[in-house]
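Visitor: What follows is a structure written as structure tokens; I'll ask about it next.
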Amino acid sequence: MKFVRIKKIELVNYRQFVDQKVEFKLDENKNIIVIEGKNGFGKSNIYNAINWCFFGVEEHLRPDDRSLPICNTKQLTQLKPGKSLETIVKITLDTDEGGKELERRVVNHKNEDGKHYQEESELKIMEQIDKNWKEASYPEYIISRILPRSMRHFFFIDGEKLRQLFENIEPEQIKQSIFDLSQITLLQHAVDHLDFFKNSFRKTIKNEPNLNYIEEVMERVKNNINYKKEEQKKIIAELDNAFINKKKLEQELDKTGNKNVQALETERKNLEQNILTLENLLKEKKQAYAQYLFKIAPGVVTRKAIDQTLGIISKLENSHELPPKIQATFLEELLARNECICGTDLNKKENHSKREKLEQLLKKSKYSDIVSDALGLKYSLKGILRDSQEASTRITEYELKLKDLEDKITELQKKLKEVITQIGGIDSVKIKAIHEERQKYKEAIYENKGRLGSLEQSIRNEEDNLREAEKSYNRELSRKNQYQAIKDKIDICDESIKQIGIIKEKIMDEIRKETEAHVKNYFNKLITAKNFEDVKISKNYDLIVEKDGFNAVTSLSAAETLCMGYSFMSALRQTSGFLAPIVIDTPLAKIDIEYRVNVADWFKKALTNAQVILLVTDAEYTSGFKKEISSSVSQEFLLKHDEKNGISEVCKYGE
Amino acid sequence: MENKIIKDPQIFISKEARQLFDNLRKQLEEFKQMDNKDFFMMAVMFGYLNNKKKKLEHSSKTESGFTRERYLSAEDNGVLKAIAIAGDKDLSIVNDIVYVYSIAEEYANGGIPYLKEFVFDDQASFVKNFASEIKKLSK
């Protein structure tokens, strides 16, 4: 679709909204709609309602709402036993292919004993075809054409979560986003099918102890891999959780208002950041050192052979055999023609001595064909020797630099330990409790990172085991002629899987490169201080923000981190080619004033081809920000909340 | 000497060596970024240093294609040629790259046990020990 815009949102008995209709003006020149509301007034539930209508999930529930049913609780309480309450979220879209109405509803029933239960939600889509409205037979298909489920995070964005995600982004998460964007799930399905067929072919072979045994081993390894991958997901979720909780506790410590704590916390943060920066630098320097060693070592170790070879070349040069005075081919030609260059007939007996002389010259010219190779080798070996002679000095230099860095890290770690002890020693029960809990999360992060590392290694080992087992199976199968047909089929599956793998990698790599270029472009526009040298997404899907020659991604400020998140999401969105509306909850989450103008400018300029719905708090929607985006804002709404009845309402500004 | 011209010839190592390299890559941080050709050169070095050559048994069960000429740098090729020329005391083999590689393969094959011992003797200090060895030799 070329464009998709939300025209109307209707909420019936959804969370704190009882009967709400919000109509949006569709103005091509003013693509931003602002909905402002205080915390708890239902801003995030509008974001949730849109997510729920499209995908049946509520992405950003407040902790208080998590245990509550989706319907309006007041209506549910008033419901008589045996009756039902329907919750509906309906979104009317304007697209280049005509109007579409997305309607998701769910029914809550109240039993005679007063207990209630909720049915599964249902999605219905009406499509406008010419002037008629028709119910779509496959609503999920329509949704996937508007916005595939796996890509919803690039369009429906929670600013605060986005910032938190990018504070500790793992290569695996970047890879997953690129994978989602590449739309190669169909290829993955094809691999799964081929794997399924391979298994079925193998299963037709009975009473072959060796083959059956290897097959069992393969099954066991596959189960191990699946189990470990599930574990991996759990650890990543635990890590995310620990990061978020640690951050929250740090904010709580900040809020205690204790000046001493605030000063120590600032020192702690600075120390942690500096340690991290130095540790990254140390890691890179160690890699560079190892690479230098591996490069220089062959020349150093084989110096004797190099000296001897240079000696051989030099000797041949001194005896004029290298380069030879006369080319061997020329001498060979004269001897074959039996006529010297002076016209002497070499066949004649009296000229025999002349022939012998030519033959001797030919022997001395045996190096004719290798002159350029030999001289090339000579200069190459001289260069290797020069580098080898410097090796000792260079190694000492590297060692000193590494030691210096290690000492600095140790010193900072010592200071950090002291600061942490001081925070823990502050005479306040509350501060102590928060500090201790924070330390627990810190340890949990450390422990989970270690667990994740060893689990990933273990997955790689299992995958190696599986490949080895498959090879053994195929070898065993090749020995039995009666299974040739099965072997051929398995080979075809294997070859297809291999080719699909190559295609998948190529697509992922192309998308990675394209995304990298967009991220770089957006990030440079968003960040005022141009003190970052480069932005890259490495082949291993590491996000790299280069500063002074090392990766500063983990040292970015909160605002820079959010800008990186926006840059990445916009890049993915642009690369995807989907033009679904963009809904952002708390878009300025903790962003410094200096960046707000850039972000506002970015909303206006980078997202011109999409409808943007901003769900902002009153603290975010400052006069400065308002002024900056005003030329692109088509409408402003305000959330009003009736505390007594727990009902919220979306009103136009000024109503 | 008549040379058979083979485009981008392959270099072989024993299956045992491949297994060792795979393990090293998994176990040591410094080896993670290493290419196959770097491992090969490392094995050659250890073979040369200990003056140990061992013929590869040519069979799909015992040997494994590991790297190719195109992955080797000019310096790597220079070193391998120097080893072969110095060994044979004959410069004419300089452009017989297949022969040069066959000598290198023998050194690599012979060097594996020494490399293994060197790495696993003190895995954590591999880089430190390796650097000190290189420093000693370069003086």
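Labeling convention for the structure tokens: chains A, B, ... as they appear, residues from 1 per chain, ligands from 1 in order of appearance.
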Show which residues sit within 8 Å of range 543-547 of chain A, as a PDB file with N, CA, C and O atoms, in the first residue's frame. Count only C-alpha atoms, and ignore same-chain residues fewer than 2 positions away.

Guide:
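Final output, part_5.pdb:
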```pdb
ATOM      1  N   ILE A 169      21.565  -2.684  24.139  1.00  0.00           N
ATOM      2  CA  ILE A 169      21.173  -3.484  22.969  1.00  0.00           C
ATOM      3  C   ILE A 169      22.195  -4.591  22.701  1.00  0.00           C
ATOM      4  O   ILE A 169      23.399  -4.355  22.744  1.00  0.00           O
ATOM      5  N   PRO A 171      23.648  -7.679  20.129  1.00  0.00           N
ATOM      6  CA  PRO A 171      23.709  -7.961  18.690  1.00  0.00           C
ATOM      7  C   PRO A 171      22.554  -8.862  18.228  1.00  0.00           C
ATOM      8  O   PRO A 171      22.020  -8.703  17.142  1.00  0.00           O
ATOM      9  N   ILE A 174      19.549  -6.788  17.384  1.00  0.00           N
ATOM     10  CA  ILE A 174      19.727  -6.085  16.111  1.00  0.00           C
ATOM     11  C   ILE A 174      19.515  -7.088  14.977  1.00  0.00           C
ATOM     12  O   ILE A 174      18.814  -6.828  14.007  1.00  0.00           O
ATOM     13  N   ASN A 531      30.432  14.834  17.634  1.00  0.00           N
ATOM     14  CA  ASN A 531      31.702  14.299  18.116  1.00  0.00           C
ATOM     15  C   ASN A 531      31.804  12.783  17.951  1.00  0.00           C
ATOM     16  O   ASN A 531      32.639  12.146  18.547  1.00  0.00           O
ATOM     17  N   PHE A 532      30.894  12.219  17.162  1.00  0.00           N
ATOM     18  CA  PHE A 532      30.995  10.793  16.867  1.00  0.00           C
ATOM     19  C   PHE A 532      31.538  10.643  15.449  1.00  0.00           C
ATOM     20  O   PHE A 532      31.084  11.327  14.537  1.00  0.00           O
ATOM     21  N   GLU A 533      32.509   9.743  15.308  1.00  0.00           N
ATOM     22  CA  GLU A 533      33.167   9.643  14.004  1.00  0.00           C
ATOM     23  C   GLU A 533      32.375   8.824  12.996  1.00  0.00           C
ATOM     24  O   GLU A 533      32.323   9.137  11.825  1.00  0.00           O
ATOM     25  N   ASP A 534      31.756   7.766  13.471  1.00  0.00           N
ATOM     26  CA  ASP A 534      31.036   6.911  12.520  1.00  0.00           C
ATOM     27  C   ASP A 534      29.986   6.063  13.240  1.00  0.00           C
ATOM     28  O   ASP A 534      30.109   5.832  14.446  1.00  0.00           O
ATOM     29  N   VAL A 535      28.990   5.651  12.494  1.00  0.00           N
ATOM     30  CA  VAL A 535      27.983   4.736  13.044  1.00  0.00           C
ATOM     31  C   VAL A 535      27.949   3.518  12.125  1.00  0.00           C
ATOM     32  O   VAL A 535      27.856   3.655  10.908  1.00  0.00           O
ATOM     33  N   LYS A 536      28.079   2.335  12.736  1.00  0.00           N
ATOM     34  CA  LYS A 536      28.139   1.126  11.909  1.00  0.00           C
ATOM     35  C   LYS A 536      27.288   0.015  12.511  1.00  0.00           C
ATOM     36  O   LYS A 536      27.073  -0.013  13.725  1.00  0.00           O
ATOM     37  N   ILE A 537      26.852  -0.892  11.662  1.00  0.00           N
ATOM     38  CA  ILE A 537      26.288  -2.150  12.164  1.00  0.00           C
ATOM     39  C   ILE A 537      27.223  -3.218  11.604  1.00  0.00           C
ATOM     40  O   ILE A 537      27.278  -3.414  10.383  1.00  0.00           O
ATOM     41  N   SER A 538      27.993  -3.846  12.483  1.00  0.00           N
ATOM     42  CA  SER A 538      29.018  -4.772  12.003  1.00  0.00           C
ATOM     43  C   SER A 538      28.382  -6.043  11.423  1.00  0.00           C
ATOM     44  O   SER A 538      27.189  -6.264  11.580  1.00  0.00           O
ATOM     45  N   TYR A 541      26.434  -7.882  13.689  1.00  0.00           N
ATOM     46  CA  TYR A 541      25.280  -7.122  14.182  1.00  0.00           C
ATOM     47  C   TYR A 541      25.554  -6.359  15.473  1.00  0.00           C
ATOM     48  O   TYR A 541      24.647  -6.135  16.269  1.00  0.00           O
ATOM     49  N   GLY A 549      38.144   6.436  18.190  1.00  0.00           N
ATOM     50  CA  GLY A 549      38.650   5.137  17.764  1.00  0.00           C
ATOM     51  C   GLY A 549      38.084   3.934  18.491  1.00  0.00           C
ATOM     52  O   GLY A 549      38.514   2.819  18.272  1.00  0.00           O
ATOM     53  N   PHE A 550      37.103   4.116  19.391  1.00  0.00           N
ATOM     54  CA  PHE A 550      36.480   2.943  20.005  1.00  0.00           C
ATOM     55  C   PHE A 550      34.965   3.083  20.038  1.00  0.00           C
ATOM     56  O   PHE A 550      34.421   4.138  19.714  1.00  0.00           O
ATOM     57  N   ASN A 551      34.306   1.989  20.404  1.00  0.00           N
ATOM     58  CA  ASN A 551      32.855   1.971  20.359  1.00  0.00           C
ATOM     59  C   ASN A 551      32.269   2.622  21.613  1.00  0.00           C
ATOM     60  O   ASN A 551      32.451   2.130  22.719  1.00  0.00           O
ATOM     61  N   ALA A 552      31.519   3.711  21.396  1.00  0.00           N
ATOM     62  CA  ALA A 552      30.993   4.458  22.549  1.00  0.00           C
ATOM     63  C   ALA A 552      29.505   4.213  22.749  1.00  0.00           C
ATOM     64  O   ALA A 552      28.849   4.964  23.455  1.00  0.00           O
ATOM     65  N   VAL A 553      28.983   3.139  22.153  1.00  0.00           N
ATOM     66  CA  VAL A 553      27.521   2.961  22.185  1.00  0.00           C
ATOM     67  C   VAL A 553      26.970   2.825  23.608  1.00  0.00           C
ATOM     68  O   VAL A 553      25.881   3.293  23.905  1.00  0.00           O
TER      69      VAL A 553
END
```

Visitor: For a quick test of understanding: name the residues of chain B lying within 6 Å of chain A when counting only C-alpha atoms, and present them as a PyMOL selection string.

Guide: chain B and resi 82-83+86+135+138

Visitor: Just write the chosen residues, C-alpha atoms, as a CSV table (one decimal), in the first residue's frame.

Guide:
```
chain,number,residue,atom,x,y,z
B,82,ALA,CA,61.3,-19.1,1.5
B,83,ILE,CA,60.8,-22.3,3.6
B,86,ALA,CA,65.8,-22.8,1.7
B,135,LYS,CA,60.4,-11.3,21.0
B,138,SER,CA,63.4,-11.4,16.7
```

Visitor: Hey, what's within 7 Å of range 6-17 of chain B if we count only C-alpha atoms and toss same-chain stuff fewer than 5 positions away? As a PyMOL selection string, please?

Guide: chain B and resi 56+62-70+98+101+105+109+112

Visitor: Near Gln422 in chain A, within 9 Å and counting only C-alpha atoms, which residues show up once chain neighbours fewer than 5 positions away are dropped, as a list in words?

Guide: Val261, Leu264 and Lys417 of chain A

Visitor: In Å to one decimal, how far is CA of Val191 in chain A from CA of Leu477 in chain A?

Guide: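 Computing the Euclidean distance for CA of Leu477 in chain A and CA of Val191 in chain A yields 21.8 Å.
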
Visitor: Could you pull the residues within 12 Å of Glu279 in chain A, counting only C-alpha atoms, minus those fewer than 4 positions along the same chain, as an mmCIF file with all heavy atoms, in the first residue's frame?

Guide:
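The result, stored in result14.cif:
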```cif
data_model
loop_
_atom_site.group_PDB
_atom_site.id
_atom_site.type_symbol
_atom_site.label_atom_id
_atom_site.label_comp_id
_atom_site.auth_asym_id
_atom_site.auth_seq_id
_atom_site.Cartn_x
_atom_site.Cartn_y
_atom_site.Cartn_z
ATOM 1 N N LEU A 271 32.303 6.860 37.100
ATOM 2 C CA LEU A 271 33.334 5.819 37.196
ATOM 3 C C LEU A 271 32.951 4.606 36.360
ATOM 4 O O LEU A 271 33.769 4.063 35.616
ATOM 5 C CB LEU A 271 33.536 5.408 38.663
ATOM 6 C CG LEU A 271 34.350 6.376 39.517
ATOM 7 C CD1 LEU A 271 34.207 6.039 40.988
ATOM 8 C CD2 LEU A 271 35.814 6.344 39.112
ATOM 9 N N GLU A 272 31.680 4.192 36.480
ATOM 10 C CA GLU A 272 31.230 3.007 35.711
ATOM 11 C C GLU A 272 31.377 3.247 34.219
ATOM 12 O O GLU A 272 31.802 2.369 33.476
ATOM 13 C CB GLU A 272 29.780 2.671 36.062
ATOM 14 C CG GLU A 272 29.676 1.874 37.337
ATOM 15 C CD GLU A 272 28.260 1.435 37.679
ATOM 16 O OE1 GLU A 272 27.299 1.914 37.054
ATOM 17 O OE2 GLU A 272 28.128 0.614 38.605
ATOM 18 N N GLN A 273 31.027 4.477 33.806
ATOM 19 C CA GLN A 273 31.123 4.790 32.382
ATOM 20 C C GLN A 273 32.580 4.789 31.918
ATOM 21 O O GLN A 273 32.897 4.247 30.855
ATOM 22 C CB GLN A 273 30.492 6.151 32.138
ATOM 23 C CG GLN A 273 29.893 6.242 30.738
ATOM 24 C CD GLN A 273 28.925 7.393 30.672
ATOM 25 O OE1 GLN A 273 29.342 8.535 30.788
ATOM 26 N NE2 GLN A 273 27.652 7.121 30.498
ATOM 27 N N ASN A 274 33.428 5.386 32.736
ATOM 28 C CA ASN A 274 34.846 5.422 32.367
ATOM 29 C C ASN A 274 35.445 4.019 32.314
ATOM 30 O O ASN A 274 36.238 3.704 31.415
ATOM 31 C CB ASN A 274 35.633 6.271 33.374
ATOM 32 C CG ASN A 274 35.313 7.741 33.218
ATOM 33 O OD1 ASN A 274 34.804 8.152 32.187
ATOM 34 N ND2 ASN A 274 35.563 8.524 34.246
ATOM 35 N N ILE A 275 35.063 3.189 33.284
ATOM 36 C CA ILE A 275 35.583 1.815 33.289
ATOM 37 C C ILE A 275 35.146 1.084 32.022
ATOM 38 O O ILE A 275 35.940 0.432 31.344
ATOM 39 C CB ILE A 275 35.124 1.056 34.555
ATOM 40 C CG1 ILE A 275 35.822 1.639 35.788
ATOM 41 C CG2 ILE A 275 35.412 -0.443 34.451
ATOM 42 C CD1 ILE A 275 35.302 1.131 37.121
ATOM 43 N N LYS A 283 39.841 -4.091 25.209
ATOM 44 C CA LYS A 283 39.461 -5.247 24.388
ATOM 45 C C LYS A 283 39.938 -5.053 22.937
ATOM 46 O O LYS A 283 40.512 -5.952 22.327
ATOM 47 C CB LYS A 283 37.945 -5.399 24.430
ATOM 48 C CG LYS A 283 37.456 -6.770 24.096
ATOM 49 C CD LYS A 283 35.969 -6.833 24.300
ATOM 50 C CE LYS A 283 35.391 -7.953 23.496
ATOM 51 N NZ LYS A 283 33.944 -7.931 23.435
ATOM 52 N N GLU A 284 39.687 -3.837 22.439
ATOM 53 C CA GLU A 284 40.083 -3.563 21.056
ATOM 54 C C GLU A 284 41.606 -3.594 20.888
ATOM 55 O O GLU A 284 42.114 -4.116 19.909
ATOM 56 C CB GLU A 284 39.537 -2.213 20.621
ATOM 57 C CG GLU A 284 38.057 -2.288 20.300
ATOM 58 C CD GLU A 284 37.482 -0.963 19.885
ATOM 59 O OE1 GLU A 284 38.246 -0.119 19.384
ATOM 60 O OE2 GLU A 284 36.278 -0.766 20.078
ATOM 61 N N LYS A 285 42.303 -3.000 21.863
ATOM 62 C CA LYS A 285 43.770 -2.979 21.775
ATOM 63 C C LYS A 285 44.331 -4.406 21.852
ATOM 64 O O LYS A 285 45.296 -4.726 21.178
ATOM 65 C CB LYS A 285 44.372 -2.135 22.904
ATOM 66 C CG LYS A 285 44.014 -0.679 22.836
ATOM 67 C CD LYS A 285 45.077 0.118 22.095
ATOM 68 C CE LYS A 285 44.685 1.577 22.028
ATOM 69 N NZ LYS A 285 44.909 2.212 20.767
ATOM 70 N N LYS A 286 43.708 -5.241 22.687
ATOM 71 C CA LYS A 286 44.177 -6.628 22.805
ATOM 72 C C LYS A 286 43.996 -7.362 21.479
ATOM 73 O O LYS A 286 44.853 -8.140 21.064
ATOM 74 C CB LYS A 286 43.405 -7.347 23.909
ATOM 75 C CG LYS A 286 43.990 -7.119 25.283
ATOM 76 C CD LYS A 286 43.300 -7.991 26.299
ATOM 77 C CE LYS A 286 43.978 -7.900 27.642
ATOM 78 N NZ LYS A 286 43.257 -8.633 28.676
ATOM 79 N N LEU A 402 49.065 -1.681 26.927
ATOM 80 C CA LEU A 402 48.052 -2.547 27.545
ATOM 81 C C LEU A 402 48.158 -2.480 29.072
ATOM 82 O O LEU A 402 47.151 -2.399 29.768
ATOM 83 C CB LEU A 402 48.215 -3.998 27.075
ATOM 84 C CG LEU A 402 47.855 -4.265 25.612
ATOM 85 C CD1 LEU A 402 48.098 -5.717 25.259
ATOM 86 C CD2 LEU A 402 46.394 -3.941 25.334
ATOM 87 N N LEU A 405 46.669 0.718 30.369
ATOM 88 C CA LEU A 405 45.200 0.663 30.377
ATOM 89 C C LEU A 405 44.701 -0.208 31.531
ATOM 90 O O LEU A 405 43.757 0.166 32.243
ATOM 91 C CB LEU A 405 44.692 0.080 29.059
ATOM 92 C CG LEU A 405 44.409 1.073 27.940
ATOM 93 C CD1 LEU A 405 44.033 0.340 26.673
ATOM 94 C CD2 LEU A 405 43.282 2.017 28.322
ATOM 95 N N GLU A 406 45.331 -1.362 31.706
ATOM 96 C CA GLU A 406 44.904 -2.278 32.780
ATOM 97 C C GLU A 406 45.060 -1.618 34.152
ATOM 98 O O GLU A 406 44.179 -1.734 35.009
ATOM 99 C CB GLU A 406 45.719 -3.579 32.714
ATOM 100 C CG GLU A 406 45.160 -4.540 31.692
ATOM 101 C CD GLU A 406 46.105 -5.683 31.320
ATOM 102 O OE1 GLU A 406 47.295 -5.614 31.683
ATOM 103 O OE2 GLU A 406 45.639 -6.609 30.657
ATOM 104 N N ASP A 407 46.162 -0.885 34.319
ATOM 105 C CA ASP A 407 46.392 -0.190 35.600
ATOM 106 C C ASP A 407 45.308 0.848 35.846
ATOM 107 O O ASP A 407 44.797 0.987 36.954
ATOM 108 C CB ASP A 407 47.771 0.486 35.609
ATOM 109 C CG ASP A 407 48.886 -0.552 35.714
ATOM 110 O OD1 ASP A 407 48.566 -1.713 36.006
ATOM 111 O OD2 ASP A 407 50.056 -0.197 35.472
ATOM 112 N N LYS A 408 44.985 1.596 34.789
ATOM 113 C CA LYS A 408 43.965 2.642 34.922
ATOM 114 C C LYS A 408 42.630 2.015 35.329
ATOM 115 O O LYS A 408 41.922 2.524 36.189
ATOM 116 C CB LYS A 408 43.801 3.378 33.589
ATOM 117 C CG LYS A 408 44.774 4.512 33.442
ATOM 118 C CD LYS A 408 44.499 5.283 32.172
ATOM 119 C CE LYS A 408 45.647 6.237 31.889
ATOM 120 N NZ LYS A 408 45.742 6.594 30.503
ATOM 121 N N ILE A 409 42.289 0.891 34.681
ATOM 122 C CA ILE A 409 41.015 0.217 34.997
ATOM 123 C C ILE A 409 41.020 -0.250 36.458
ATOM 124 O O ILE A 409 40.050 -0.039 37.188
ATOM 125 C CB ILE A 409 40.763 -0.960 34.023
ATOM 126 C CG1 ILE A 409 40.505 -0.413 32.614
ATOM 127 C CG2 ILE A 409 39.576 -1.820 34.475
ATOM 128 C CD1 ILE A 409 40.464 -1.444 31.520
ATOM 129 N N THR A 410 42.131 -0.847 36.879
ATOM 130 C CA THR A 410 42.219 -1.331 38.268
ATOM 131 C C THR A 410 42.032 -0.179 39.242
ATOM 132 O O THR A 410 41.310 -0.302 40.234
ATOM 133 C CB THR A 410 43.599 -2.001 38.510
ATOM 134 O OG1 THR A 410 43.866 -2.855 37.416
ATOM 135 C CG2 THR A 410 43.642 -2.771 39.801
ATOM 136 N N LEU A 412 40.447 2.686 38.724
ATOM 137 C CA LEU A 412 39.055 3.147 38.721
ATOM 138 C C LEU A 412 38.147 2.148 39.440
ATOM 139 O O LEU A 412 37.216 2.532 40.146
ATOM 140 C CB LEU A 412 38.562 3.358 37.280
ATOM 141 C CG LEU A 412 39.200 4.507 36.506
ATOM 142 C CD1 LEU A 412 38.601 4.600 35.105
ATOM 143 C CD2 LEU A 412 38.977 5.838 37.219
ATOM 144 N N GLN A 413 38.445 0.859 39.259
ATOM 145 C CA GLN A 413 37.620 -0.164 39.922
ATOM 146 C C GLN A 413 37.745 -0.057 41.443
ATOM 147 O O GLN A 413 36.773 -0.225 42.167
ATOM 148 C CB GLN A 413 38.028 -1.556 39.451
ATOM 149 C CG GLN A 413 37.291 -1.944 38.171
ATOM 150 C CD GLN A 413 37.887 -3.149 37.495
ATOM 151 O OE1 GLN A 413 39.043 -3.498 37.742
ATOM 152 N NE2 GLN A 413 37.110 -3.778 36.626
ATOM 153 N N PHE A 550 37.103 4.116 19.391
ATOM 154 C CA PHE A 550 36.480 2.943 20.005
ATOM 155 C C PHE A 550 34.965 3.083 20.038
ATOM 156 O O PHE A 550 34.421 4.138 19.714
ATOM 157 C CB PHE A 550 37.050 2.674 21.407
ATOM 158 C CG PHE A 550 36.844 3.785 22.389
ATOM 159 C CD1 PHE A 550 35.699 3.835 23.153
ATOM 160 C CD2 PHE A 550 37.789 4.785 22.534
ATOM 161 C CE1 PHE A 550 35.498 4.864 24.045
ATOM 162 C CE2 PHE A 550 37.592 5.815 23.429
ATOM 163 C CZ PHE A 550 36.438 5.854 24.186
ATOM 164 N N ASN A 551 34.306 1.989 20.404
ATOM 165 C CA ASN A 551 32.855 1.971 20.359
ATOM 166 C C ASN A 551 32.269 2.622 21.613
ATOM 167 O O ASN A 551 32.451 2.130 22.719
ATOM 168 C CB ASN A 551 32.367 0.522 20.230
ATOM 169 C CG ASN A 551 30.883 0.461 19.967
ATOM 170 O OD1 ASN A 551 30.234 1.497 19.794
ATOM 171 N ND2 ASN A 551 30.348 -0.738 19.931
ATOM 172 N N ALA A 552 31.519 3.711 21.396
ATOM 173 C CA ALA A 552 30.993 4.458 22.549
ATOM 174 C C ALA A 552 29.505 4.213 22.749
ATOM 175 O O ALA A 552 28.849 4.964 23.455
ATOM 176 C CB ALA A 552 31.259 5.938 22.343
ATOM 177 N N THR A 554 27.752 2.205 24.491
ATOM 178 C CA THR A 554 27.250 2.029 25.851
ATOM 179 C C THR A 554 27.505 3.262 26.715
ATOM 180 O O THR A 554 27.066 3.313 27.856
ATOM 181 C CB THR A 554 27.909 0.801 26.513
ATOM 182 O OG1 THR A 554 29.304 0.876 26.279
ATOM 183 C CG2 THR A 554 27.353 -0.496 25.986
ATOM 184 N N SER A 555 28.217 4.224 26.168
ATOM 185 C CA SER A 555 28.499 5.424 26.963
ATOM 186 C C SER A 555 27.645 6.616 26.525
ATOM 187 O O SER A 555 27.880 7.737 26.959
ATOM 188 C CB SER A 555 29.962 5.814 26.828
ATOM 189 O OG SER A 555 30.783 4.719 26.705
#
```

Visitor: Please provide the set of residues having any atom within 12 Å of Lys116 in chain B, restricted to only C-alpha atoms, with same-chain residues fewer than 6 positions apart removed, written as a compact mmCIF listing (two decimals) with N, CA, C and O atoms, in the first residue's frame.

Guide:
```txt
# COMPACT_ATOMS: atom_id res chain seq x y z
N GLU B 16 42.62 -33.88 12.27
CA GLU B 16 42.96 -33.61 13.67
C GLU B 16 43.26 -32.11 13.84
O GLU B 16 42.82 -31.48 14.81
N ALA B 17 43.99 -31.57 12.84
CA ALA B 17 44.34 -30.15 12.92
C ALA B 17 43.08 -29.29 12.82
O ALA B 17 42.93 -28.32 13.56
N ARG B 18 42.18 -29.67 11.94
CA ARG B 18 40.94 -28.90 11.79
C ARG B 18 40.17 -28.89 13.11
O ARG B 18 39.67 -27.85 13.55
N GLN B 19 40.11 -30.04 13.71
CA GLN B 19 39.40 -30.17 14.99
C GLN B 19 40.04 -29.24 16.04
O GLN B 19 39.34 -28.54 16.78
N LEU B 20 41.37 -29.23 16.03
CA LEU B 20 42.09 -28.39 16.99
C LEU B 20 41.76 -26.91 16.74
O LEU B 20 41.47 -26.17 17.68
N PHE B 21 41.80 -26.49 15.46
CA PHE B 21 41.52 -25.10 15.15
C PHE B 21 40.10 -24.72 15.55
O PHE B 21 39.86 -23.64 16.08
N ASN B 23 38.35 -25.98 17.91
CA ASN B 23 38.31 -25.85 19.37
C ASN B 23 38.95 -24.55 19.84
O ASN B 23 38.43 -23.87 20.71
N LEU B 24 40.10 -24.22 19.24
CA LEU B 24 40.80 -23.00 19.64
C LEU B 24 39.93 -21.78 19.39
O LEU B 24 39.86 -20.86 20.21
N PHE B 39 45.51 -19.72 11.03
CA PHE B 39 45.75 -20.97 11.77
C PHE B 39 46.77 -21.82 11.04
O PHE B 39 47.67 -22.40 11.64
N MET B 42 50.15 -20.49 11.49
CA MET B 42 50.58 -20.76 12.86
C MET B 42 51.13 -22.20 12.98
O MET B 42 52.19 -22.42 13.57
N ALA B 43 50.41 -23.13 12.37
CA ALA B 43 50.85 -24.53 12.42
C ALA B 43 52.17 -24.71 11.68
O ALA B 43 53.08 -25.42 12.15
N PHE B 46 55.04 -23.52 13.85
CA PHE B 46 55.42 -24.46 14.90
C PHE B 46 56.15 -25.67 14.33
O PHE B 46 57.07 -26.20 14.96
N GLY B 47 55.77 -26.10 13.13
CA GLY B 47 56.47 -27.20 12.47
C GLY B 47 57.89 -26.79 12.13
O GLY B 47 58.86 -27.51 12.39
N ALA B 108 53.01 -27.91 8.59
CA ALA B 108 51.80 -27.66 9.40
C ALA B 108 51.39 -28.93 10.11
O ALA B 108 51.10 -28.93 11.32
N ASN B 109 51.41 -30.01 9.37
CA ASN B 109 51.03 -31.31 9.94
C ASN B 109 51.98 -31.72 11.07
O ASN B 109 51.55 -32.21 12.11
N GLY B 110 53.26 -31.44 10.83
CA GLY B 110 54.25 -31.77 11.87
C GLY B 110 54.17 -30.83 13.06
O GLY B 110 54.54 -31.19 14.18
N ASP B 122 49.31 -23.51 28.82
CA ASP B 122 48.90 -22.37 29.64
C ASP B 122 47.98 -21.50 28.80
O ASP B 122 48.36 -20.46 28.27
N GLN B 123 46.74 -22.00 28.69
CA GLN B 123 45.78 -21.39 27.78
C GLN B 123 45.56 -19.90 28.04
O GLN B 123 45.50 -19.10 27.12
N PHE B 126 48.30 -17.58 26.68
CA PHE B 126 48.79 -17.91 25.35
C PHE B 126 49.44 -16.71 24.65
O PHE B 126 50.57 -16.79 24.19
```

Visitor: Looking at only C-alpha atoms, which of A:Arg386, A:Leu165, A:Thr561, A:Leu556 is the one that sits closest to Leu276 in chain A?

Guide: A:Leu556

Visitor: Just list as a PyMOL selection string whatever in range 7-96 of chain B DSSP marks as strand (DSSP E).

Guide: chain B and resi 10-14+63-68

Visitor: Go ahead and save the residues from that selection, with C-alpha atoms, as a compact mmCIF listing (two decimals), in the first residue's frame.

Guide:
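The result, stored in again-v2.txt:
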```txt
# COMPACT_ATOMS: atom_id res chain seq x y z
CA GLN B 10 43.69 -25.47 -2.10
CA ILE B 11 45.70 -26.09 1.05
CA PHE B 12 44.99 -29.18 3.11
CA ILE B 13 45.42 -30.01 6.75
CA SER B 14 44.75 -33.14 8.74
CA GLU B 63 42.67 -34.58 5.33
CA SER B 64 40.46 -31.61 4.88
CA GLY B 65 40.60 -28.62 2.47
CA PHE B 66 41.31 -25.69 4.75
CA THR B 67 42.23 -22.57 2.84
CA ARG B 68 43.21 -21.36 -0.62
```

Visitor: Can you tell me how far CA of Asp548 in chain A sits from CA of Thr277 in chain A, in Å to one decimal?

Guide: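 For CA of Asp548 in chain A relative to CA of Thr277 in chain A, the distance reads 10.6 Å.
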